[in-house]
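Reading through the structure tokens given below for one structure.
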Amino acid sequence: MISIILPVYNVAPYLSRCLHSIEFRISAGDQIIIVNDGSTDNSQEIIDSFTSIFPSVISVKQANKGLSAARNTGLKYATGEYIWFIDSDDYIDKDEFEPIADMLCRRDYAPDIICFGRTEVYSPKHTFKMPIHLETGYYNSGAQYFSKSMNDGSYRTNVWDKILKRELIHNHNLKFEEGLLYEDMLFCLQAFMYAGNIAVCHCYPYCYIHYNSNSITKKVSKKHLDVLTFIEKATYFIKKGDFQIHENSKEFQLLIFNWVSSCLMNKYAYMSLFNDDAKYIYEKIMDNRIFINSAKYCSRAEISFRYKLFAKLLLLSPTIYKITLHMALKVQNIRLKYI
């Protein structure tokens, strides 16, 4: 049984679609836990209507505490062998889930984490699958998978394109850091470092929506500097643990550079050069020893040309870096949407 944890906060336009996309798992015996994190729209009415049809669904209401707190609350009610965190503005493709269901039914193999792909949805007519090259595979440890996926570019820090064994979460007391953005990052890193067997399933059941303008991933502010807190926490975690991955390994340095680039610098690239927040963000980034060390490492390491180029540009000239990254992201967005 999977315990599906669904945090909800002001997603009324998308919630019904999400709920109906996962109702097929109820008949399969899965547990659905909905945590309304203080919504002020009519999300609760939609939840009530759903639970009236499916009374086995657990509905929890709490004051607004944020996504991490809602997920942590859901974990308290979870009883399934596996945990799946789903964001309530996204939805699940039932047909794409079948290979995962088959894997879960195997009695000879029970991986700690099952990884799979996602479908990026920009509009009903513009979708694409990520990662592009996704192969079914089995790994003897989370560190082995982490190393392989960081090197081939398939590693993802999101928690929703993975199903995790509840025992793994419970035994290592894994929780989401509350009050901070990018809570998935540290949680996933810790899970992989502790995990034993890992399975990768060639399927794309998770449909990630890009057109929700209210999503926290679409907004840019100084709050995004929370990622710098997480790279410090991640470095401390790796340094104090006895893991196959260490602080100075190529994979970990790539992770640090990629975290800050994808969560902060990609948004910074769209901000005006004369914007006060942009200046503040850049100064904070360049003052962070952990990130600068990773940029220096990536500027000279045997890694992809793209990472090496942007690491060199960042250290050389913030203006050239910003303009180049801005243009690269625009070209990428055009290609993903229309080609």
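So you can find residues: chains in the structure tokens are A, B, ... in the order shown, residues in each start at 1, and ligands are numbered from 1 in order.
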
Closest atom pairs, residues of segment 59-165 of chain A within 6 Å of segment 201-208 of chain A, only C-alpha atoms, as JSON lines:
```
{"residue": "A:Asp90", "atom": "CA", "partner": "A:Tyr208", "partner_atom": "CA", "distance": 5.3}
{"residue": "A:Tyr91", "atom": "CA", "partner": "A:Cys207", "partner_atom": "CA", "distance": 5.3}
{"residue": "A:Ile92", "atom": "CA", "partner": "A:Tyr206", "partner_atom": "CA", "distance": 5.0}
{"residue": "A:Asp93", "atom": "CA", "partner": "A:Pro205", "partner_atom": "CA", "distance": 4.7}
{"residue": "A:Glu96", "atom": "CA", "partner": "A:Pro205", "partner_atom": "CA", "distance": 4.6}
{"residue": "A:Phe97", "atom": "CA", "partner": "A:Pro205", "partner_atom": "CA", "distance": 5.2}
{"residue": "A:Phe116", "atom": "CA", "partner": "A:Cys201", "partner_atom": "CA", "distance": 5.1}
{"residue": "A:Gly117", "atom": "CA", "partner": "A:Tyr204", "partner_atom": "CA", "distance": 4.4}
{"residue": "A:Arg118", "atom": "CA", "partner": "A:Tyr204", "partner_atom": "CA", "distance": 4.6}
{"residue": "A:Thr119", "atom": "CA", "partner": "A:Cys207", "partner_atom": "CA", "distance": 4.7}
{"residue": "A:Glu120", "atom": "CA", "partner": "A:Tyr208", "partner_atom": "CA", "distance": 5.1}
{"residue": "A:Val121", "atom": "CA", "partner": "A:Tyr208", "partner_atom": "CA", "distance": 5.8}
{"residue": "A:Leu134", "atom": "CA", "partner": "A:His202", "partner_atom": "CA", "distance": 5.8}
{"residue": "A:Glu135", "atom": "CA", "partner": "A:His202", "partner_atom": "CA", "distance": 5.4}
{"residue": "A:Thr136", "atom": "CA", "partner": "A:Cys201", "partner_atom": "CA", "distance": 4.7}
```

As a PyMOL selection string, please: the residues near Ser294 of chain A (cut-off 7 Å, only C-alpha atoms, same-chain neighbours under 2 positions excluded). chain A and resi 253+256-257+290-292+296-298

Can you spit out the residues from that selection as a PDB file, in the first residue's frame, using all heavy atoms?
```pdb
ATOM      1  N   GLN A 253      29.741  18.458  -5.439  1.00  0.00           N
ATOM      2  CA  GLN A 253      30.018  19.817  -5.894  1.00  0.00           C
ATOM      3  C   GLN A 253      29.095  20.203  -7.051  1.00  0.00           C
ATOM      4  O   GLN A 253      28.619  21.341  -7.124  1.00  0.00           O
ATOM      5  CB  GLN A 253      31.487  19.941  -6.319  1.00  0.00           C
ATOM      6  CG  GLN A 253      32.476  19.878  -5.163  1.00  0.00           C
ATOM      7  CD  GLN A 253      32.255  20.993  -4.154  1.00  0.00           C
ATOM      8  OE1 GLN A 253      32.015  22.145  -4.512  1.00  0.00           O
ATOM      9  NE2 GLN A 253      32.326  20.645  -2.878  1.00  0.00           N
ATOM     10  N   ILE A 256      25.665  21.067  -5.519  1.00  0.00           N
ATOM     11  CA  ILE A 256      25.621  22.413  -4.935  1.00  0.00           C
ATOM     12  C   ILE A 256      25.476  23.466  -6.026  1.00  0.00           C
ATOM     13  O   ILE A 256      24.622  24.366  -5.948  1.00  0.00           O
ATOM     14  CB  ILE A 256      26.897  22.681  -4.106  1.00  0.00           C
ATOM     15  CG1 ILE A 256      26.962  21.750  -2.894  1.00  0.00           C
ATOM     16  CG2 ILE A 256      26.950  24.141  -3.658  1.00  0.00           C
ATOM     17  CD1 ILE A 256      25.841  21.902  -1.910  1.00  0.00           C
ATOM     18  N   PHE A 257      26.296  23.382  -7.063  1.00  0.00           N
ATOM     19  CA  PHE A 257      26.249  24.378  -8.142  1.00  0.00           C
ATOM     20  C   PHE A 257      24.901  24.327  -8.855  1.00  0.00           C
ATOM     21  O   PHE A 257      24.308  25.359  -9.167  1.00  0.00           O
ATOM     22  CB  PHE A 257      27.385  24.134  -9.137  1.00  0.00           C
ATOM     23  CG  PHE A 257      27.507  25.224 -10.164  1.00  0.00           C
ATOM     24  CD1 PHE A 257      28.076  26.445  -9.837  1.00  0.00           C
ATOM     25  CD2 PHE A 257      27.054  25.033 -11.457  1.00  0.00           C
ATOM     26  CE1 PHE A 257      28.181  27.460 -10.779  1.00  0.00           C
ATOM     27  CE2 PHE A 257      27.149  26.035 -12.405  1.00  0.00           C
ATOM     28  CZ  PHE A 257      27.721  27.264 -12.064  1.00  0.00           C
ATOM     29  N   ILE A 290      30.471  28.259   0.312  1.00  0.00           N
ATOM     30  CA  ILE A 290      30.186  26.914  -0.199  1.00  0.00           C
ATOM     31  C   ILE A 290      29.870  26.968  -1.692  1.00  0.00           C
ATOM     32  O   ILE A 290      30.379  26.161  -2.484  1.00  0.00           O
ATOM     33  CB  ILE A 290      29.024  26.280   0.586  1.00  0.00           C
ATOM     34  CG1 ILE A 290      29.439  26.056   2.042  1.00  0.00           C
ATOM     35  CG2 ILE A 290      28.584  24.966  -0.061  1.00  0.00           C
ATOM     36  CD1 ILE A 290      28.320  25.573   2.931  1.00  0.00           C
ATOM     37  N   PHE A 291      29.039  27.940  -2.082  1.00  0.00           N
ATOM     38  CA  PHE A 291      28.684  28.032  -3.496  1.00  0.00           C
ATOM     39  C   PHE A 291      29.871  28.463  -4.350  1.00  0.00           C
ATOM     40  O   PHE A 291      30.101  27.915  -5.439  1.00  0.00           O
ATOM     41  CB  PHE A 291      27.518  28.990  -3.706  1.00  0.00           C
ATOM     42  CG  PHE A 291      27.192  29.188  -5.164  1.00  0.00           C
ATOM     43  CD1 PHE A 291      26.707  28.143  -5.931  1.00  0.00           C
ATOM     44  CD2 PHE A 291      27.415  30.413  -5.775  1.00  0.00           C
ATOM     45  CE1 PHE A 291      26.431  28.317  -7.282  1.00  0.00           C
ATOM     46  CE2 PHE A 291      27.140  30.589  -7.127  1.00  0.00           C
ATOM     47  CZ  PHE A 291      26.647  29.541  -7.882  1.00  0.00           C
ATOM     48  N   ILE A 292      30.631  29.443  -3.891  1.00  0.00           N
ATOM     49  CA  ILE A 292      31.785  29.906  -4.665  1.00  0.00           C
ATOM     50  C   ILE A 292      32.801  28.784  -4.840  1.00  0.00           C
ATOM     51  O   ILE A 292      33.393  28.610  -5.909  1.00  0.00           O
ATOM     52  CB  ILE A 292      32.426  31.138  -4.012  1.00  0.00           C
ATOM     53  CG1 ILE A 292      31.462  32.326  -4.086  1.00  0.00           C
ATOM     54  CG2 ILE A 292      33.738  31.497  -4.690  1.00  0.00           C
ATOM     55  CD1 ILE A 292      31.017  32.692  -5.492  1.00  0.00           C
ATOM     56  N   LYS A 296      34.073  27.376  -8.418  1.00  0.00           N
ATOM     57  CA  LYS A 296      35.485  27.227  -8.774  1.00  0.00           C
ATOM     58  C   LYS A 296      35.793  25.791  -9.180  1.00  0.00           C
ATOM     59  O   LYS A 296      36.529  25.550 -10.143  1.00  0.00           O
ATOM     60  CB  LYS A 296      36.358  27.648  -7.589  1.00  0.00           C
ATOM     61  CG  LYS A 296      36.348  29.149  -7.312  1.00  0.00           C
ATOM     62  CD  LYS A 296      37.209  29.495  -6.103  1.00  0.00           C
ATOM     63  CE  LYS A 296      37.215  30.992  -5.847  1.00  0.00           C
ATOM     64  NZ  LYS A 296      38.009  31.335  -4.628  1.00  0.00           N
ATOM     65  N   TYR A 297      35.209  24.844  -8.452  1.00  0.00           N
ATOM     66  CA  TYR A 297      35.409  23.430  -8.785  1.00  0.00           C
ATOM     67  C   TYR A 297      34.877  23.140 -10.188  1.00  0.00           C
ATOM     68  O   TYR A 297      35.556  22.523 -11.016  1.00  0.00           O
ATOM     69  CB  TYR A 297      34.718  22.546  -7.751  1.00  0.00           C
ATOM     70  CG  TYR A 297      34.903  21.062  -7.987  1.00  0.00           C
ATOM     71  CD1 TYR A 297      35.892  20.353  -7.314  1.00  0.00           C
ATOM     72  CD2 TYR A 297      34.094  20.375  -8.884  1.00  0.00           C
ATOM     73  CE1 TYR A 297      36.077  18.995  -7.541  1.00  0.00           C
ATOM     74  CE2 TYR A 297      34.270  19.026  -9.120  1.00  0.00           C
ATOM     75  CZ  TYR A 297      35.259  18.340  -8.441  1.00  0.00           C
ATOM     76  OH  TYR A 297      35.435  17.007  -8.681  1.00  0.00           O
ATOM     77  N   CYS A 298      33.647  23.598 -10.459  1.00  0.00           N
ATOM     78  CA  CYS A 298      33.014  23.313 -11.744  1.00  0.00           C
ATOM     79  C   CYS A 298      33.712  24.025 -12.901  1.00  0.00           C
ATOM     80  O   CYS A 298      33.645  23.568 -14.041  1.00  0.00           O
ATOM     81  CB  CYS A 298      31.537  23.707 -11.706  1.00  0.00           C
ATOM     82  SG  CYS A 298      30.525  22.666 -10.624  1.00  0.00           S
TER      83      CYS A 298
END
```

Based on DSSP run over this structure's backbone, return all residues of segment 26-267 of chain A in strand (DSSP E or B), as a PyMOL selection string. chain A and resi 31-37+58-62+82-85+91-92+113-115+118-123+126-130+137-139+162-165+198-200+206-209

Could you write out the selected residues, including C-alpha atoms, as an mmCIF file, in the first residue's frame?
```cif
data_model
loop_
_atom_site.group_PDB
_atom_site.id
_atom_site.type_symbol
_atom_site.label_atom_id
_atom_site.label_comp_id
_atom_site.auth_asym_id
_atom_site.auth_seq_id
_atom_site.Cartn_x
_atom_site.Cartn_y
_atom_site.Cartn_z
ATOM 1 C CA GLN A 31 -4.251 5.482 1.491
ATOM 2 C CA ILE A 32 -4.911 9.104 0.521
ATOM 3 C CA ILE A 33 -4.172 11.829 3.056
ATOM 4 C CA ILE A 34 -5.240 15.382 2.214
ATOM 5 C CA VAL A 35 -3.813 18.165 4.389
ATOM 6 C CA ASN A 36 -5.545 21.512 3.938
ATOM 7 C CA ASP A 37 -2.903 23.991 5.037
ATOM 8 C CA ILE A 58 -8.242 11.105 5.388
ATOM 9 C CA SER A 59 -8.873 14.851 5.436
ATOM 10 C CA VAL A 60 -6.885 17.035 7.835
ATOM 11 C CA LYS A 61 -7.248 20.788 8.371
ATOM 12 C CA GLN A 62 -4.599 22.974 9.955
ATOM 13 C CA TYR A 82 5.481 3.434 0.715
ATOM 14 C CA ILE A 83 4.996 7.213 0.709
ATOM 15 C CA TRP A 84 4.235 9.372 -2.312
ATOM 16 C CA PHE A 85 4.089 13.165 -1.972
ATOM 17 C CA TYR A 91 -1.981 15.432 -11.544
ATOM 18 C CA ILE A 92 -1.213 11.778 -12.289
ATOM 19 C CA ILE A 113 13.098 4.371 -3.368
ATOM 20 C CA ILE A 114 11.428 4.093 -6.775
ATOM 21 C CA CYS A 115 12.338 6.900 -9.182
ATOM 22 C CA ARG A 118 7.557 13.445 -15.139
ATOM 23 C CA THR A 119 5.597 15.092 -17.926
ATOM 24 C CA GLU A 120 6.136 18.849 -18.097
ATOM 25 C CA VAL A 121 2.833 20.488 -19.018
ATOM 26 C CA TYR A 122 2.946 24.026 -20.434
ATOM 27 C CA SER A 123 -0.472 23.697 -22.067
ATOM 28 C CA HIS A 126 2.670 21.532 -25.286
ATOM 29 C CA THR A 127 4.054 18.777 -23.096
ATOM 30 C CA PHE A 128 7.339 16.911 -22.943
ATOM 31 C CA LYS A 129 8.870 14.195 -20.828
ATOM 32 C CA MET A 130 11.786 14.620 -18.402
ATOM 33 C CA GLY A 137 17.543 0.169 -13.731
ATOM 34 C CA TYR A 138 18.402 -1.194 -10.299
ATOM 35 C CA TYR A 139 21.084 0.065 -7.924
ATOM 36 C CA LYS A 162 9.845 9.350 -6.313
ATOM 37 C CA ILE A 163 8.048 6.856 -4.074
ATOM 38 C CA LEU A 164 9.864 6.223 -0.808
ATOM 39 C CA LYS A 165 9.593 3.383 1.660
ATOM 40 C CA ILE A 198 17.006 1.922 -5.685
ATOM 41 C CA ALA A 199 14.786 1.184 -8.669
ATOM 42 C CA VAL A 200 14.299 3.446 -11.683
ATOM 43 C CA TYR A 206 3.641 12.680 -12.762
ATOM 44 C CA CYS A 207 2.262 15.647 -14.704
ATOM 45 C CA TYR A 208 3.925 18.858 -13.550
ATOM 46 C CA ILE A 209 1.965 22.018 -14.323
#
```

Do a neighbour search on Gly66 of chain A at 10 Å with only C-alpha atoms, toss out local chain neighbours closer than 5 positions, and write the hits as a ChimeraX atom specification. /A:7-9,37-38,71,178-181

Using all heavy atoms, can you write the selected residues to a file as a PDB file, in the first residue's frame?
```
ATOM      1  N   PRO A   7      -0.677  17.871   0.102  1.00  0.00           N
ATOM      2  CA  PRO A   7      -0.860  19.166   0.753  1.00  0.00           C
ATOM      3  C   PRO A   7      -1.708  20.087  -0.136  1.00  0.00           C
ATOM      4  O   PRO A   7      -1.555  20.080  -1.363  1.00  0.00           O
ATOM      5  CB  PRO A   7       0.568  19.716   0.883  1.00  0.00           C
ATOM      6  CG  PRO A   7       1.468  18.571   0.575  1.00  0.00           C
ATOM      7  CD  PRO A   7       0.703  17.675  -0.342  1.00  0.00           C
ATOM      8  N   VAL A   8      -2.570  20.863   0.474  1.00  0.00           N
ATOM      9  CA  VAL A   8      -3.470  21.743  -0.283  1.00  0.00           C
ATOM     10  C   VAL A   8      -3.398  23.149   0.292  1.00  0.00           C
ATOM     11  O   VAL A   8      -3.547  23.351   1.500  1.00  0.00           O
ATOM     12  CB  VAL A   8      -4.931  21.226  -0.206  1.00  0.00           C
ATOM     13  CG1 VAL A   8      -5.887  22.244  -0.804  1.00  0.00           C
ATOM     14  CG2 VAL A   8      -5.064  19.883  -0.910  1.00  0.00           C
ATOM     15  N   TYR A   9      -3.171  24.120  -0.596  1.00  0.00           N
ATOM     16  CA  TYR A   9      -3.252  25.520  -0.178  1.00  0.00           C
ATOM     17  C   TYR A   9      -3.683  26.374  -1.373  1.00  0.00           C
ATOM     18  O   TYR A   9      -2.927  26.588  -2.317  1.00  0.00           O
ATOM     19  CB  TYR A   9      -1.924  26.038   0.371  1.00  0.00           C
ATOM     20  CG  TYR A   9      -2.009  27.503   0.770  1.00  0.00           C
ATOM     21  CD1 TYR A   9      -2.749  27.880   1.899  1.00  0.00           C
ATOM     22  CD2 TYR A   9      -1.405  28.496   0.010  1.00  0.00           C
ATOM     23  CE1 TYR A   9      -2.877  29.206   2.252  1.00  0.00           C
ATOM     24  CE2 TYR A   9      -1.518  29.828   0.366  1.00  0.00           C
ATOM     25  CZ  TYR A   9      -2.260  30.188   1.490  1.00  0.00           C
ATOM     26  OH  TYR A   9      -2.394  31.507   1.829  1.00  0.00           O
ATOM     27  N   ASP A  37      -3.807  23.131   4.270  1.00  0.00           N
ATOM     28  CA  ASP A  37      -2.903  23.991   5.037  1.00  0.00           C
ATOM     29  C   ASP A  37      -3.430  25.418   5.106  1.00  0.00           C
ATOM     30  O   ASP A  37      -2.775  26.367   4.677  1.00  0.00           O
ATOM     31  CB  ASP A  37      -1.512  23.963   4.390  1.00  0.00           C
ATOM     32  CG  ASP A  37      -0.457  24.661   5.235  1.00  0.00           C
ATOM     33  OD1 ASP A  37      -0.394  24.402   6.447  1.00  0.00           O
ATOM     34  OD2 ASP A  37       0.306  25.472   4.663  1.00  0.00           O
ATOM     35  N   GLY A  38      -4.643  25.575   5.641  1.00  0.00           N
ATOM     36  CA  GLY A  38      -5.205  26.899   5.866  1.00  0.00           C
ATOM     37  C   GLY A  38      -5.662  27.612   4.615  1.00  0.00           C
ATOM     38  O   GLY A  38      -5.551  28.853   4.526  1.00  0.00           O
ATOM     39  N   ARG A  71       3.283  18.502   4.653  1.00  0.00           N
ATOM     40  CA  ARG A  71       3.820  17.171   4.364  1.00  0.00           C
ATOM     41  C   ARG A  71       4.166  16.423   5.656  1.00  0.00           C
ATOM     42  O   ARG A  71       3.896  15.226   5.779  1.00  0.00           O
ATOM     43  CB  ARG A  71       5.055  17.286   3.474  1.00  0.00           C
ATOM     44  CG  ARG A  71       4.747  17.649   2.021  1.00  0.00           C
ATOM     45  CD  ARG A  71       6.018  17.912   1.252  1.00  0.00           C
ATOM     46  NE  ARG A  71       5.784  18.084  -0.174  1.00  0.00           N
ATOM     47  CZ  ARG A  71       6.693  18.522  -1.029  1.00  0.00           C
ATOM     48  NH1 ARG A  71       7.911  18.838  -0.586  1.00  0.00           N
ATOM     49  NH2 ARG A  71       6.415  18.648  -2.307  1.00  0.00           N
ATOM     50  N   GLU A 178      10.804  23.125   7.964  1.00  0.00           N
ATOM     51  CA  GLU A 178       9.647  24.017   7.880  1.00  0.00           C
ATOM     52  C   GLU A 178      10.086  25.486   7.843  1.00  0.00           C
ATOM     53  O   GLU A 178      11.089  25.868   8.435  1.00  0.00           O
ATOM     54  CB  GLU A 178       8.715  23.757   9.060  1.00  0.00           C
ATOM     55  CG  GLU A 178       8.180  22.325   9.066  1.00  0.00           C
ATOM     56  CD  GLU A 178       7.124  22.058  10.131  1.00  0.00           C
ATOM     57  OE1 GLU A 178       6.633  23.034  10.739  1.00  0.00           O
ATOM     58  OE2 GLU A 178       6.785  20.877  10.350  1.00  0.00           O
ATOM     59  N   GLY A 179       9.319  26.276   7.104  1.00  0.00           N
ATOM     60  CA  GLY A 179       9.582  27.713   7.028  1.00  0.00           C
ATOM     61  C   GLY A 179      10.573  28.106   5.957  1.00  0.00           C
ATOM     62  O   GLY A 179      10.922  29.287   5.834  1.00  0.00           O
ATOM     63  N   LEU A 180      11.056  27.132   5.153  1.00  0.00           N
ATOM     64  CA  LEU A 180      12.044  27.421   4.118  1.00  0.00           C
ATOM     65  C   LEU A 180      11.558  26.918   2.765  1.00  0.00           C
ATOM     66  O   LEU A 180      10.851  25.915   2.680  1.00  0.00           O
ATOM     67  CB  LEU A 180      13.384  26.752   4.448  1.00  0.00           C
ATOM     68  CG  LEU A 180      14.106  27.190   5.727  1.00  0.00           C
ATOM     69  CD1 LEU A 180      15.299  26.290   5.989  1.00  0.00           C
ATOM     70  CD2 LEU A 180      14.545  28.649   5.634  1.00  0.00           C
ATOM     71  N   LEU A 181      11.952  27.623   1.704  1.00  0.00           N
ATOM     72  CA  LEU A 181      11.697  27.138   0.356  1.00  0.00           C
ATOM     73  C   LEU A 181      12.703  26.041   0.004  1.00  0.00           C
ATOM     74  O   LEU A 181      13.743  25.918   0.642  1.00  0.00           O
ATOM     75  CB  LEU A 181      11.824  28.279  -0.658  1.00  0.00           C
ATOM     76  CG  LEU A 181      10.799  29.413  -0.587  1.00  0.00           C
ATOM     77  CD1 LEU A 181      11.079  30.427  -1.693  1.00  0.00           C
ATOM     78  CD2 LEU A 181       9.380  28.898  -0.688  1.00  0.00           C
TER      79      LEU A 181
END
```

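Residue neighbourhood of Asn42 of chain A, excluding near-sequence residues (fewer than 6 positions): A:Val8, A:Tyr9, A:Asn10, A:Val11, A:Ala12, A:Pro13, A:Tyr14, A:Leu15, A:Ser16, A:Asn36, A:Asp48, A:Ser49, at 12 Å, using only C-alpha atoms.
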
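Counting only C-alpha atoms, the residue from A:Glu81, A:Phe50, A:Lys76, A:Gln190 that sits nearest to Gly29 of chain A is A:Glu81.
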
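The coordinates place atom CA of Arg300 of chain A at 20.2 Å from atom CA of Asp287 of chain A.
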
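For the choices A:Asp152, A:Arg166, A:Asp112, A:Lys94, the atom-to-atom distance to Tyr77 of chain A is smallest for A:Arg166 when using only C-alpha atoms.
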
Counting only C-alpha atoms, what is within 8 Å of Leu168 of chain A, bar same-chain residues fewer than 6 positions away, as an NGL selection string? :A and (112 or 191 or 194-195)

Please write the residues from the selection above to a file, keeping N, CA, C and O atoms, as a short mmCIF file (atom, residue, chain, number, x, y, z; two decimals), in the first residue's frame.
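Now in part-v5.cif:
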```cif
data_model
loop_
_atom_site.label_atom_id
_atom_site.label_comp_id
_atom_site.auth_asym_id
_atom_site.auth_seq_id
_atom_site.Cartn_x
_atom_site.Cartn_y
_atom_site.Cartn_z
N ASP A 112 14.04 0.71 -1.58
CA ASP A 112 13.79 1.80 -0.64
C ASP A 112 13.19 3.01 -1.35
O ASP A 112 12.39 3.74 -0.77
N ALA A 191 17.60 11.08 1.98
CA ALA A 191 16.96 9.79 1.67
C ALA A 191 17.89 8.92 0.82
O ALA A 191 18.04 7.72 1.09
N TYR A 194 20.90 7.46 2.78
CA TYR A 194 20.54 6.39 3.71
C TYR A 194 19.98 5.15 3.00
O TYR A 194 19.93 4.07 3.59
N ALA A 195 19.55 5.31 1.76
CA ALA A 195 18.80 4.25 1.09
C ALA A 195 19.68 3.07 0.68
O ALA A 195 20.87 3.22 0.39
#
```

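Compared by their closest atoms to Glu283 of chain A, and using only C-alpha atoms, the residues A:Cys263, A:Leu225, A:Tyr321, A:Phe243 rank with A:Leu225 nearest.
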
Atom CA of Leu254 of chain A and atom CA of Leu325 of chain A are how many Å apart? 17.6 Å

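Straight-line separation from atom CA of Asn64 of chain A to atom CA of Ser39 of chain A: 7.3 Å.
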
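Of all the residues in segment 61-91 of chain A, the ones DSSP labels as helix (DSSP H, G or I) from the backbone are Leu67, Ser68, Ala69, Ala70, Arg71, Asn72, Thr73, Gly74, Leu75, Lys76 and Tyr77 of chain A.
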
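With only C-alpha atoms as the atoms that count, the minimum distance from Leu6 of chain A to the choices A:Gln44, A:Ser21, A:Ala70, A:Ile53 is reached by A:Ala70.
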